[in-house]
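Participant: File name start-v4.txt; file contents compact mmCIF, C-alpha atoms; full text below.
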# COMPACT_ATOMS: atom_id res chain seq x y z
CA MET A 1 -37.97 -23.58 -10.33
CA ALA A 2 -36.33 -26.97 -10.37
CA LEU A 3 -38.89 -29.08 -8.51
CA THR A 4 -42.55 -28.91 -7.59
CA ILE A 5 -43.54 -29.25 -3.94
CA GLU A 6 -44.74 -32.83 -4.56
CA GLU A 7 -41.52 -33.85 -6.29
CA SER A 8 -39.51 -32.33 -3.48
CA GLY A 9 -41.53 -34.30 -0.96
CA ARG A 10 -40.98 -37.52 -2.95
CA LEU A 11 -37.24 -36.80 -3.07
CA ALA A 12 -37.11 -36.32 0.70
CA GLY A 13 -39.11 -39.51 1.18
CA LEU A 14 -36.83 -41.46 -1.14
CA LEU A 15 -33.67 -40.19 0.55
CA ALA A 16 -35.07 -40.97 4.00
CA GLU A 17 -36.37 -44.41 3.01
CA HIS A 18 -33.07 -45.59 1.51
CA ALA A 19 -30.93 -43.47 3.84
CA GLU A 20 -28.29 -46.08 4.63
CA ARG A 21 -27.91 -47.24 1.01
CA VAL A 22 -27.82 -43.67 -0.39
CA VAL A 23 -25.20 -42.43 2.07
CA GLN A 24 -23.11 -45.56 1.56
CA ARG A 25 -23.11 -45.43 -2.24
CA TRP A 26 -22.73 -41.63 -2.33
CA THR A 27 -19.66 -41.80 -0.09
CA GLU A 28 -18.19 -44.59 -2.22
CA VAL A 29 -18.58 -42.71 -5.50
CA VAL A 30 -17.06 -39.52 -4.04
CA ALA A 31 -14.24 -41.44 -2.38
CA ALA A 32 -13.38 -43.07 -5.69
CA SER A 33 -13.13 -39.66 -7.40
CA LEU A 34 -10.96 -38.15 -4.65
CA ARG A 35 -8.60 -41.14 -4.70
CA GLY A 36 -8.11 -41.36 -0.96
CA ARG A 37 -7.02 -37.78 -0.34
CA LEU A 38 -9.82 -37.37 2.18
CA SER A 39 -10.57 -40.00 4.82
CA GLN A 40 -13.64 -42.19 4.34
CA ALA A 41 -14.98 -41.19 7.75
CA GLU A 42 -14.72 -37.46 7.00
CA LEU A 43 -16.40 -37.91 3.63
CA ARG A 44 -19.18 -39.91 5.21
CA LEU A 45 -19.80 -37.14 7.73
CA GLN A 46 -20.03 -34.53 4.97
CA VAL A 47 -22.35 -36.68 2.90
CA GLN A 48 -24.53 -37.45 5.92
CA GLU A 49 -24.78 -33.77 6.74
CA LEU A 50 -25.85 -32.91 3.20
CA HIS A 51 -28.21 -35.88 3.06
CA ARG A 52 -29.84 -34.86 6.35
CA SER A 53 -30.29 -31.23 5.31
CA MET A 54 -31.83 -32.32 1.98
CA ILE A 55 -34.35 -34.53 3.74
CA GLU A 56 -35.25 -31.83 6.26
CA VAL A 57 -35.67 -29.08 3.71
CA GLY A 58 -37.08 -31.43 1.10
CA ALA A 59 -39.98 -32.38 3.36
CA GLU A 60 -41.01 -28.71 3.50
CA GLY A 61 -40.37 -28.18 -0.20
CA LEU A 62 -36.87 -27.93 -1.64
CA THR A 63 -38.07 -26.44 -4.92
CA ASP A 64 -35.12 -24.22 -5.74
CA VAL A 65 -31.59 -24.00 -4.34
CA GLN A 66 -31.74 -20.20 -4.37
CA SER A 67 -35.05 -20.10 -2.48
CA GLU A 68 -35.33 -18.88 1.11
CA ARG A 69 -36.22 -22.32 2.49
CA ALA A 70 -33.08 -23.87 1.04
CA ALA A 71 -30.83 -21.70 3.19
CA GLU A 72 -29.70 -24.67 5.25
CA VAL A 73 -28.84 -26.74 2.20
CA ARG A 74 -26.89 -23.80 0.82
CA ALA A 75 -25.01 -23.43 4.10
CA VAL A 76 -23.98 -27.10 4.04
CA LEU A 77 -22.98 -26.87 0.37
CA ALA A 78 -20.99 -23.68 0.99
CA GLU A 79 -19.15 -25.21 3.91
CA LEU A 80 -18.32 -28.29 1.87
CA SER A 81 -16.98 -26.38 -1.14
CA ARG A 82 -15.07 -23.90 1.03
CA GLY A 83 -13.38 -26.82 2.73
CA ARG A 84 -12.52 -28.41 -0.64
CA ALA A 85 -11.15 -25.11 -2.00
CA ARG A 86 -8.93 -24.59 1.06
CA GLN A 87 -7.64 -28.17 0.96
CA GLY A 88 -6.56 -27.66 -2.63
CA PHE A 89 -9.05 -29.90 -4.43
CA SER A 90 -9.92 -29.00 -8.00
CA ALA A 91 -13.28 -27.56 -9.06
CA THR A 92 -14.23 -30.87 -10.72
CA GLU A 93 -13.47 -32.85 -7.59
CA THR A 94 -15.64 -30.45 -5.60
CA ALA A 95 -18.58 -30.64 -8.00
CA ILE A 96 -18.39 -34.45 -8.17
CA SER A 97 -19.17 -34.58 -4.44
CA ILE A 98 -22.63 -33.34 -5.40
CA TYR A 99 -23.06 -34.98 -8.79
CA ALA A 100 -22.32 -38.38 -7.26
CA LEU A 101 -25.89 -38.29 -6.00
CA LYS A 102 -27.02 -38.65 -9.63
CA ASP A 103 -25.26 -42.00 -9.88
CA VAL A 104 -26.94 -43.12 -6.69
CA LEU A 105 -30.38 -42.06 -8.01
CA ALA A 106 -29.72 -43.87 -11.31
CA GLU A 107 -28.96 -47.04 -9.36
CA LEU A 108 -32.16 -46.60 -7.37
CA ALA A 109 -34.05 -46.22 -10.67
CA ASP A 110 -32.42 -49.40 -11.99
CA SER A 111 -33.69 -51.34 -9.00
CA GLY A 112 -37.13 -49.80 -9.51
CA ASP A 113 -37.24 -47.82 -6.27
CA VAL A 114 -37.82 -44.53 -8.06
CA GLU A 115 -39.54 -43.52 -11.31
CA LEU A 116 -37.41 -42.31 -14.18
CA ARG A 117 -39.50 -39.10 -14.49
CA ASP A 118 -38.66 -38.24 -10.91
CA VAL A 119 -34.97 -38.98 -11.46
CA ILE A 120 -34.90 -36.43 -14.28
CA ALA A 121 -36.59 -33.81 -12.07
CA PHE A 122 -34.26 -34.53 -9.15
CA ASN A 123 -31.27 -34.26 -11.48
CA ALA A 124 -32.28 -30.68 -12.31
CA LEU A 125 -32.09 -29.82 -8.60
CA ILE A 126 -28.76 -31.60 -8.23
CA ASP A 127 -27.42 -29.57 -11.17
CA GLN A 128 -28.42 -26.40 -9.36
CA MET A 129 -26.71 -27.59 -6.22
CA GLY A 130 -23.59 -28.40 -8.21
CA LEU A 131 -23.55 -24.95 -9.75
CA PHE A 132 -23.94 -23.35 -6.34
CA THR A 133 -21.00 -25.41 -5.05
CA PHE A 134 -18.94 -24.30 -7.99
CA GLU A 135 -19.74 -20.64 -7.36
CA THR A 136 -18.78 -20.86 -3.70
CA TYR A 137 -15.62 -22.70 -4.67
CA VAL A 138 -14.60 -19.89 -7.04
CA GLN A 139 -15.46 -17.22 -4.47
CA THR A 140 -13.33 -18.94 -1.85
CA ARG A 141 -10.41 -19.27 -4.24
CA GLU A 142 -10.71 -15.61 -5.28
CA GLY A 143 -10.82 -14.62 -1.63
CA LEU A 144 -7.65 -16.60 -1.00
CA ILE A 145 -5.90 -14.93 -3.93
CA ALA A 146 -6.99 -11.45 -2.80
CA ASP A 147 -5.75 -12.16 0.73
CA GLN A 148 -2.42 -13.37 -0.58
CA ALA A 149 -2.01 -10.34 -2.83
CA GLU A 150 -2.65 -8.08 0.15
CA GLN A 151 -0.17 -9.98 2.30
CA LEU A 152 2.38 -9.76 -0.48
CA LEU A 153 1.86 -6.02 -0.65
CA GLU A 154 2.50 -5.69 3.07
CA LEU A 155 5.45 -8.04 3.16
CA SER A 156 7.31 -6.82 0.14
CA THR A 157 7.88 -3.20 1.09
CA PRO A 158 10.00 -2.89 4.20
CA VAL A 159 11.67 0.43 4.98
CA VAL A 160 14.85 -0.15 6.98
CA LYS A 161 17.03 2.28 8.83
CA ILE A 162 20.67 1.66 7.86
CA TRP A 163 22.35 4.65 9.49
CA ASP A 164 21.46 7.62 11.64
CA GLY A 165 19.27 9.69 9.38
CA VAL A 166 19.46 7.25 6.47
CA VAL A 167 16.68 4.84 5.54
CA ALA A 168 16.66 2.30 2.68
CA VAL A 169 13.85 0.66 0.71
CA PRO A 170 14.94 -2.57 -0.97
CA LEU A 171 12.41 -2.99 -3.77
CA VAL A 172 11.76 -6.61 -4.76
CA GLY A 173 9.60 -7.78 -7.63
CA THR A 174 7.63 -6.02 -10.31
CA LEU A 175 6.56 -2.52 -9.38
CA ASP A 176 2.98 -1.82 -10.44
CA SER A 177 0.96 1.25 -9.57
CA ALA A 178 -0.61 -0.21 -6.42
CA ARG A 179 2.74 -1.34 -5.03
CA ALA A 180 4.48 1.87 -6.03
CA GLN A 181 1.82 3.79 -4.12
CA VAL A 182 2.33 1.67 -1.00
CA VAL A 183 6.12 2.01 -1.24
CA MET A 184 5.84 5.77 -1.69
CA GLU A 185 3.50 6.25 1.25
CA ARG A 186 5.48 4.01 3.53
CA LEU A 187 8.81 5.59 2.64
CA LEU A 188 7.53 9.14 3.13
CA GLN A 189 5.88 8.21 6.42
CA THR A 190 9.11 6.62 7.66
CA LEU A 191 11.01 9.78 6.70
CA VAL A 192 8.64 11.82 8.86
CA ASP A 193 8.61 9.32 11.75
CA THR A 194 12.39 8.94 11.93
CA GLY A 195 13.25 12.45 10.79
CA SER A 196 15.73 11.01 8.28
CA PRO A 197 16.89 13.47 5.63
CA TYR A 198 18.25 10.73 3.35
CA ALA A 199 16.55 7.78 1.68
CA ILE A 200 18.10 5.12 -0.54
CA ILE A 201 15.85 3.32 -3.00
CA ASP A 202 17.50 0.04 -3.93
CA ILE A 203 16.17 -1.55 -7.11
CA THR A 204 18.42 -4.63 -7.17
CA GLY A 205 15.36 -6.87 -6.85
CA VAL A 206 13.35 -5.20 -9.60
CA PRO A 207 13.52 -7.50 -12.63
CA ALA A 208 12.79 -4.84 -15.24
CA VAL A 209 12.58 -1.07 -15.33
CA ASP A 210 10.25 0.36 -17.94
CA THR A 211 9.03 3.93 -18.30
CA GLN A 212 6.16 3.29 -15.91
CA VAL A 213 8.38 1.94 -13.13
CA ALA A 214 10.81 4.83 -13.66
CA GLN A 215 7.89 7.25 -13.44
CA HIS A 216 6.86 5.75 -10.08
CA ILE A 217 10.39 6.02 -8.72
CA LEU A 218 10.76 9.60 -9.95
CA LYS A 219 7.47 10.59 -8.30
CA THR A 220 8.64 9.12 -5.00
CA VAL A 221 11.91 11.05 -5.23
CA VAL A 222 10.16 14.33 -6.04
CA ALA A 223 7.66 13.83 -3.19
CA ALA A 224 10.52 13.14 -0.77
CA ARG A 225 12.27 16.30 -1.96
CA LEU A 226 9.13 18.33 -1.38
CA MET A 227 9.21 17.11 2.20
CA GLY A 228 12.86 18.05 2.55
CA ALA A 229 14.56 14.68 2.17
CA ASP A 230 16.99 13.52 -0.50
CA CYS A 231 16.72 10.22 -2.36
CA ILE A 232 19.47 8.15 -3.91
CA ILE A 233 18.70 5.31 -6.32
CA SER A 234 20.99 2.30 -6.03
CA GLY A 235 21.29 -1.26 -7.25
CA ILE A 236 21.10 -0.48 -10.96
CA ARG A 237 22.25 -3.57 -12.84
CA PRO A 238 24.11 -3.25 -16.15
CA GLN A 239 21.16 -4.44 -18.28
CA ILE A 240 18.85 -2.05 -16.47
CA ALA A 241 21.22 0.84 -17.06
CA GLN A 242 21.13 -0.03 -20.76
CA THR A 243 17.33 -0.20 -20.79
CA ILE A 244 17.08 3.13 -18.99
CA VAL A 245 19.29 4.82 -21.57
CA ALA A 246 17.58 3.05 -24.49
CA LEU A 247 14.17 4.20 -23.24
CA GLY A 248 15.45 7.74 -22.83
CA ILE A 249 14.50 7.93 -19.16
CA GLU A 250 16.03 10.98 -17.49
CA PHE A 251 16.80 10.76 -13.79
CA GLY A 252 17.89 14.40 -13.89
CA ASP A 253 19.90 15.49 -10.87
CA ILE A 254 18.90 12.44 -8.81
CA ALA A 255 21.97 10.60 -7.59
CA THR A 256 22.20 7.02 -8.92
CA LYS A 257 24.67 4.48 -7.62
CA ALA A 258 25.55 0.95 -8.67
CA SER A 259 25.23 -0.65 -5.25
CA LEU A 260 23.66 0.03 -1.89
CA ALA A 261 27.15 0.30 -0.39
CA ASP A 262 28.07 3.03 -2.86
CA ALA A 263 24.87 4.89 -2.07
CA LEU A 264 25.53 4.70 1.67
CA ARG A 265 29.10 5.89 1.15
CA HIS A 266 27.75 8.77 -0.93
CA VAL A 267 25.34 9.78 1.82
CA LEU A 268 27.99 9.49 4.50
CA ARG A 269 30.29 11.64 2.41
CA LEU A 270 27.51 14.20 2.02
CA THR A 271 27.11 14.39 5.78
CA GLY A 272 30.79 13.70 6.46
CA VAL A 273 32.13 16.53 4.29
CA GLU A 274 30.46 19.10 6.48
CA THR A 275 32.02 17.76 9.66
CA ALA A 276 35.40 17.47 7.94
CA ARG A 277 35.17 21.08 6.81
CA ARG A 278 34.22 22.15 10.32
CA HIS A 279 37.20 20.27 11.73
CA ALA A 280 39.48 21.91 9.20
CA ARG A 281 38.13 25.31 10.15
CA ARG A 282 38.61 24.64 13.83
CA GLU A 283 42.13 23.44 13.28
CA ALA A 284 42.85 26.52 11.18
CA MET B 285 -10.12 38.05 11.26
CA GLU B 286 -7.71 35.17 11.83
CA ARG B 287 -4.00 35.95 11.81
CA VAL B 288 -1.05 33.63 11.53
CA PRO B 289 1.42 34.29 14.37
CA VAL B 290 5.06 35.02 13.55
CA LEU B 291 7.44 33.92 16.32
CA LYS B 292 11.04 35.00 16.67
CA ILE B 293 13.62 32.38 17.71
CA GLY B 294 17.17 33.78 17.67
CA ASP B 295 17.63 35.26 14.22
CA ILE B 296 14.95 33.02 12.72
CA LEU B 297 11.24 33.76 12.33
CA LEU B 298 8.91 30.81 12.76
CA VAL B 299 5.52 30.82 11.05
CA SER B 300 3.25 27.92 11.89
CA ILE B 301 0.22 27.80 9.63
CA GLN B 302 -2.65 26.08 11.45
CA ILE B 303 -5.67 27.55 9.72
CA ASP B 304 -7.12 27.37 6.23
CA MET B 305 -5.53 30.14 4.23
CA SER B 306 -7.77 32.65 2.51
CA ASP B 307 -6.70 35.50 0.21
CA GLN B 308 -6.90 37.97 3.08
CA THR B 309 -4.95 35.89 5.64
CA ALA B 310 -2.27 35.22 3.02
CA VAL B 311 -1.85 38.92 2.25
CA THR B 312 -1.81 39.81 5.96
CA LEU B 313 0.79 37.11 6.63
CA GLN B 314 3.02 38.43 3.84
CA GLU B 315 2.78 41.99 5.22
CA ASP B 316 3.36 40.91 8.84
CA LEU B 317 6.31 38.77 7.88
CA ALA B 318 7.97 41.48 5.75
CA GLU B 319 7.60 43.95 8.62
CA ARG B 320 8.97 41.54 11.18
CA ILE B 321 11.97 40.60 9.03
CA VAL B 322 12.87 44.26 8.71
CA ALA B 323 12.16 45.00 12.40
CA THR B 324 14.12 42.05 13.79
CA GLY B 325 16.77 41.73 11.11
CA ALA B 326 16.06 38.01 10.93
CA HIS B 327 18.08 35.96 8.46
CA GLY B 328 15.84 32.93 8.23
CA VAL B 329 12.13 32.19 7.90
CA ILE B 330 10.72 28.75 8.72
CA ILE B 331 7.18 28.03 7.57
CA ASP B 332 5.72 25.03 9.35
CA ILE B 333 2.87 23.37 7.45
CA THR B 334 2.56 20.25 9.62
CA ALA B 335 -1.05 21.14 10.36
CA LEU B 336 -2.05 21.61 6.74
CA ASP B 337 -4.05 18.72 5.26
CA ILE B 338 -4.35 20.34 1.89
CA VAL B 339 -1.75 22.27 -0.08
CA ASP B 340 -3.20 23.46 -3.36
CA SER B 341 -1.84 25.78 -6.01
CA PHE B 342 -3.03 28.78 -3.97
CA VAL B 343 -1.01 27.82 -0.89
CA GLY B 344 1.87 26.82 -3.16
CA ARG B 345 1.92 30.26 -4.78
CA MET B 346 1.67 31.94 -1.38
CA LEU B 347 4.71 29.98 -0.17
CA SER B 348 6.61 31.00 -3.32
CA THR B 349 5.69 34.65 -2.81
CA ILE B 350 6.79 34.58 0.84
CA ALA B 351 10.07 32.97 -0.21
CA SER B 352 10.65 35.68 -2.81
CA ILE B 353 9.80 38.52 -0.40
CA SER B 354 12.12 37.06 2.24
CA LYS B 355 14.88 36.63 -0.33
CA VAL B 356 14.67 40.34 -1.19
CA LEU B 357 14.99 41.13 2.51
CA ASP B 358 17.99 38.76 2.78
CA ALA B 359 16.25 35.99 4.72
CA GLU B 360 16.34 32.32 3.76
CA THR B 361 12.95 30.56 3.63
CA VAL B 362 12.51 26.88 4.47
CA VAL B 363 9.17 25.07 4.37
CA VAL B 364 9.05 22.29 6.95
CA GLY B 365 6.73 19.49 8.07
CA MET B 366 5.01 18.68 4.81
CA ARG B 367 2.90 15.57 5.26
CA PRO B 368 3.47 12.54 3.03
CA ALA B 369 -0.09 12.70 1.70
CA VAL B 370 0.39 16.37 0.82
CA ALA B 371 3.67 15.65 -0.95
CA ILE B 372 2.09 12.81 -2.95
CA THR B 373 -0.82 15.02 -3.97
CA LEU B 374 1.50 17.81 -5.07
CA VAL B 375 3.52 15.37 -7.18
CA GLU B 376 0.37 13.91 -8.72
CA LEU B 377 -0.82 17.43 -9.53
CA GLY B 378 2.56 18.23 -11.04
CA LEU B 379 3.21 21.14 -8.64
CA SER B 380 6.86 21.18 -7.64
CA LEU B 381 7.07 24.36 -5.50
CA ASN B 382 10.01 25.72 -7.46
CA GLY B 383 12.49 27.85 -5.58
CA ILE B 384 11.31 26.70 -2.17
CA ARG B 385 13.66 24.82 0.11
CA THR B 386 12.19 22.13 2.32
CA ALA B 387 13.15 20.22 5.46
CA LEU B 388 11.53 17.40 7.39
CA ASN B 389 10.94 19.28 10.64
CA VAL B 390 11.61 22.61 12.35
CA GLU B 391 14.88 21.35 13.81
CA ARG B 392 16.22 20.28 10.41
CA GLY B 393 14.99 23.56 8.97
CA MET B 394 17.00 25.54 11.51
CA GLU B 395 20.07 23.40 10.75
CA LEU B 396 19.57 24.03 7.04
CA ILE B 397 19.38 27.81 7.52
CA ALA B 398 22.44 27.75 9.78
CA ALA B 399 24.35 25.69 7.20
CA THR B 400 23.35 28.02 4.36
CA ARG B 401 24.41 31.08 6.29
CA GLU B 402 27.68 29.42 7.15
CA ASP B 403 28.25 28.71 3.45
CA ASP B 404 27.32 32.27 2.48
CA LEU B 405 29.48 33.84 5.12
CA GLY B 406 32.01 31.03 5.05
CA VAL B 407 34.87 33.14 3.69
CA ASP B 408 34.27 36.10 5.99
CA GLU B 409 33.89 33.90 9.02
CA ALA B 410 36.94 31.83 8.26
CA GLU B 411 39.02 34.96 7.92
CA GLY B 412 37.37 37.44 10.22
CA ALA B 413 35.83 35.35 12.97
CA GLU B 414 38.62 32.86 13.53
CA SER B 415 39.13 33.88 17.10
CA GLY B 416 35.37 33.68 17.73
CA SER B 417 34.95 30.17 16.34
CA ALA B 418 38.03 28.98 18.16
CA ALA B 419 36.56 30.27 21.37
CA THR B 420 33.25 28.44 20.82
CA SER B 421 34.92 25.17 19.93
CA ALA B 422 37.16 25.26 22.97
Output the structure of this file as structure tokens.

Facilitator:
Amino acid sequence: MALTIEESGRLAGLLAEHAERVVQRWTEVVAASLRGRLSQAELRLQVQELHRSMIEVGAEGLTDVQSERAAEVRAVLAELSRGRARQGFSATETAISIYALKDVLAELADSGDVELRDVIAFNALIDQMGLFTFETYVQTREGLIADQAEQLLELSTPVVKIWDGVVAVPLVGTLDSARAQVVMERLLQTLVDTGSPYAIIDITGVPAVDTQVAQHILKTVVAARLMGADCIISGIRPQIAQTIVALGIEFGDIATKASLADALRHVLRLTGVETARRHARREA
Amino acid sequence: MERVPVLKIGDILLVSIQIDMSDQTAVTLQEDLAERIVATGAHGVIIDITALDIVDSFVGRMLSTIASISKVLDAETVVVGMRPAVAITLVELGLSLNGIRTALNVERGMELIAATREDDLGVDEAEGAESGSAATSA
């Protein structure tokens, strides 16, 4: 517990008594640290909001930031740090918005408006608030990163139809297990939906092929075969061909082509040969 | 006891599995199918597993057995309609359904059987059925 009920009451009283001076100085200190990247008016609003919630809760007993009564203070803090995280401020800049209150209290102590013992006690509470801000900040950032990773996963695996009965998957970027799984599922589903018996997996955009990546591609090809579709791997760059051989990866009887165009020509020939033969037979 | 129906379409037998296979249904299906192939003289068997959520080693072995039986009776077997999730599971389990031909859907399966028979009989047809094919193309 950071504060006793009495201390909390004194803190609320102090903040209310010197309201104008506290808000003014607090805003100034924060503004100095943010170097004008947030408007003075906006900062003042945030500080006022926090100041108001601290007085309100403090009057009832703001003993601990994690306590039930402090829910409102926590909500204001969370909103503030979420906003900072989204606007791209650093963790330090976010925490300073809270720790600035310490400077203000020190100044109040200098002018004799508050006892030093109380300042020390209040500082403990402010530390807690700062830590809470920091936690929310990290959570928000992590949430952003998770969202982006998910979006990347969705964006980076298109399955395109390039001919009647031929679909292509241009793979871009490093292929890890999660992405390989998404690619596999999406490709197989597209095969079913479009009824395409041929799929071309283009790995031009894959920077490196190691045994794991090869394993993922092979699994996709085998799964497609089980469903009755044939896969062709294309876009193998010279260095990648060398790596594949050096690693001893066997693609077996899977057709591999240098470029997407070659792969498409191969597929068309596969389907075209039949019609050509039929024509020949009819002519004969 | 549940039975899997065997439908005749032209010279192809269509088996659509829509129930969970047990030992008994599998044996009954094999017997029914063998009898029907002989009775109808069918040259192709299409097994549709669109409705199957789970294909385990048991179903895999059953499909292999049916394919082998049909082969002995001179009928080509094609498994069609495997779901993506099923295919992924089979690959993860390392089951590859050796010796079974697959197609995306019934239509493709019928095309595949027709193409195989054409290849098999290609020489005879080209020589013996020239007049026939000319008539159909005209």

Participant: Would you please work out which residue, of B:Ile397, B:Asp358, B:Val363, B:Ile353, is nearest to Gly294 (chain B) when using all atoms listed in the file?

Facilitator: B:Ile397

Participant: Using Å and a single decimal, report how far CA of Leu270 (chain A) sits from CA of Gly235 (chain A).

Facilitator: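 Spanning CA of Gly235 (chain A) to CA of Leu270 (chain A) is a straight-line distance of 19.1 Å.
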
Participant: Just the number, please: distance in Å from CA of Ala31 (chain A) to CA of Ile96 (chain A), one decimal.

Facilitator: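 Going from CA of Ala31 (chain A) over to CA of Ile96 (chain A) covers 10.0 Å.
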
Participant: In Å, with one decimal, what is the gap from CA of Ser81 (chain A) to CA of Glu17 (chain A)?

Facilitator: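 About the pair CA of Ser81 (chain A) and CA of Glu17 (chain A): they are 26.8 Å apart.
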
Participant: Within 8 Å of Leu336 (chain B), counting all atoms listed in the file, which residues show up once you throw out same-chain ones fewer than 2 positions away? Write them as a PDB file with C-alpha atoms, in the frame of the given file, please.

Facilitator:
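Writing the result to around-v5.pdb gives the following:
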ATOM      1  CA  ILE B 301       0.220  27.800   9.630  1.00  0.00           C
ATOM      2  CA  GLN B 302      -2.650  26.080  11.450  1.00  0.00           C
ATOM      3  CA  ILE B 303      -5.670  27.550   9.720  1.00  0.00           C
ATOM      4  CA  ASP B 304      -7.120  27.370   6.230  1.00  0.00           C
ATOM      5  CA  ILE B 333       2.870  23.370   7.450  1.00  0.00           C
ATOM      6  CA  THR B 334       2.560  20.250   9.620  1.00  0.00           C
ATOM      7  CA  ILE B 338      -4.350  20.340   1.890  1.00  0.00           C
ATOM      8  CA  VAL B 339      -1.750  22.270  -0.080  1.00  0.00           C
ATOM      9  CA  MET B 366       5.010  18.680   4.810  1.00  0.00           C
ATOM     10  CA  ARG B 367       2.900  15.570   5.260  1.00  0.00           C
TER      11      ARG B 367
END

Participant: Using all atoms listed in the file, find the residues of chain B whose closest atom to chain A is at most 6 Å away, then write them as a list in words.

Facilitator: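 Residues of chain B within 6 Å of chain A, counting all atoms listed in the file: Met366, Pro368, Ala371, Ile372, Val375, Thr386, Ala387 and Leu388 of chain B.
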
Participant: Using the selection just defined, write its residues with C-alpha atoms as a short mmCIF file (atom, residue, chain, number, x, y, z; two decimals), in the coordinates of the input.

Facilitator:
data_model
loop_
_atom_site.label_atom_id
_atom_site.label_comp_id
_atom_site.auth_asym_id
_atom_site.auth_seq_id
_atom_site.Cartn_x
_atom_site.Cartn_y
_atom_site.Cartn_z
CA MET B 366 5.01 18.68 4.81
CA PRO B 368 3.47 12.54 3.03
CA ALA B 371 3.67 15.65 -0.95
CA ILE B 372 2.09 12.81 -2.95
CA VAL B 375 3.52 15.37 -7.18
CA THR B 386 12.19 22.13 2.32
CA ALA B 387 13.15 20.22 5.46
CA LEU B 388 11.53 17.40 7.39
#

Participant: Can you pull out the residues contacting Ser67 (chain A)? Cut-off 12 Å, using all atoms listed in the file, and skip same-chain residues under 2 positions away; I want them as a list in words.

Facilitator: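 After dropping sequence-adjacent residues, the list is Met1, Ala2, Leu3, Val57, Gly61, Leu62, Thr63, Asp64, Val65, Arg69, Ala70, Ala71, Glu72, Val73, Arg74, Leu125, Gln128 and Met129 of chain A.
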
Participant: Using only C-alpha atoms, which residues sit within 8 Å of Ala78 (chain A) once same-chain residues fewer than 2 positions away are excluded, as a list in words?

Facilitator: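 In the requested format, the answer is Arg74, Ala75, Val76, Leu80, Ser81, Arg82, Phe132, Thr133, Thr136 and Tyr137 of chain A.
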
Participant: Write out as a PDB file with C-alpha atoms, in the frame of the given file which residues come within 12 Å of Trp163 (chain A) when counting all atoms listed in the file, dropping same-chain ones fewer than 6 positions away.

Facilitator:
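See part_38.pdb below for the written result:
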ATOM      1  CA  THR A 194      12.390   8.940  11.930  1.00  0.00           C
ATOM      2  CA  SER A 196      15.730  11.010   8.280  1.00  0.00           C
ATOM      3  CA  PRO A 197      16.890  13.470   5.630  1.00  0.00           C
ATOM      4  CA  TYR A 198      18.250  10.730   3.350  1.00  0.00           C
ATOM      5  CA  ALA A 199      16.550   7.780   1.680  1.00  0.00           C
ATOM      6  CA  ILE A 200      18.100   5.120  -0.540  1.00  0.00           C
ATOM      7  CA  ALA A 261      27.150   0.300  -0.390  1.00  0.00           C
ATOM      8  CA  ALA A 263      24.870   4.890  -2.070  1.00  0.00           C
ATOM      9  CA  LEU A 264      25.530   4.700   1.670  1.00  0.00           C
ATOM     10  CA  ARG A 265      29.100   5.890   1.150  1.00  0.00           C
ATOM     11  CA  VAL A 267      25.340   9.780   1.820  1.00  0.00           C
ATOM     12  CA  LEU A 268      27.990   9.490   4.500  1.00  0.00           C
ATOM     13  CA  THR A 271      27.110  14.390   5.780  1.00  0.00           C
TER      14      THR A 271
END

Participant: Tell me which of A:Leu155, A:Ile232, A:Ala258, A:Ile120 sits closest to Leu11 (chain A), counting all atoms listed in the file.

Facilitator: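 Of the candidates, the smallest distance to Leu11 (chain A) is held by A:Ile120.
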
Participant: Using all atoms listed in the file, find all polymer residues with an atom at most 10 Å away from the point (-1.0, 23.2, -0.8); report them as an mmCIF file with C-alpha atoms, in the coordinates of the input.

Facilitator:
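Contents of part_35.cif, freshly written:
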data_model
loop_
_atom_site.group_PDB
_atom_site.id
_atom_site.type_symbol
_atom_site.label_atom_id
_atom_site.label_comp_id
_atom_site.auth_asym_id
_atom_site.auth_seq_id
_atom_site.Cartn_x
_atom_site.Cartn_y
_atom_site.Cartn_z
ATOM 1 C CA MET B 305 -5.530 30.140 4.230
ATOM 2 C CA ILE B 333 2.870 23.370 7.450
ATOM 3 C CA LEU B 336 -2.050 21.610 6.740
ATOM 4 C CA ASP B 337 -4.050 18.720 5.260
ATOM 5 C CA ILE B 338 -4.350 20.340 1.890
ATOM 6 C CA VAL B 339 -1.750 22.270 -0.080
ATOM 7 C CA ASP B 340 -3.200 23.460 -3.360
ATOM 8 C CA SER B 341 -1.840 25.780 -6.010
ATOM 9 C CA PHE B 342 -3.030 28.780 -3.970
ATOM 10 C CA VAL B 343 -1.010 27.820 -0.890
ATOM 11 C CA GLY B 344 1.870 26.820 -3.160
ATOM 12 C CA ARG B 345 1.920 30.260 -4.780
ATOM 13 C CA MET B 346 1.670 31.940 -1.380
ATOM 14 C CA LEU B 347 4.710 29.980 -0.170
ATOM 15 C CA MET B 366 5.010 18.680 4.810
ATOM 16 C CA VAL B 370 0.390 16.370 0.820
ATOM 17 C CA ALA B 371 3.670 15.650 -0.950
ATOM 18 C CA THR B 373 -0.820 15.020 -3.970
ATOM 19 C CA LEU B 374 1.500 17.810 -5.070
ATOM 20 C CA LEU B 379 3.210 21.140 -8.640
ATOM 21 C CA LEU B 381 7.070 24.360 -5.500
#

Participant: Which is closest to Val329 (chain B) among B:Ser300, B:Thr349, B:Ser354, B:Asn382, if we use all atoms listed in the file?

Facilitator: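 Among B:Ser300, B:Thr349, B:Ser354, B:Asn382, it is B:Ser354 that comes nearest to Val329 (chain B).
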
Participant: Select, from A:His216, A:Ser234, A:Asp118, A:Thr243, the residue with the minimum atom-to-atom distance to Ala168 (chain A), counting all atoms listed in the file.

Facilitator: A:Ser234
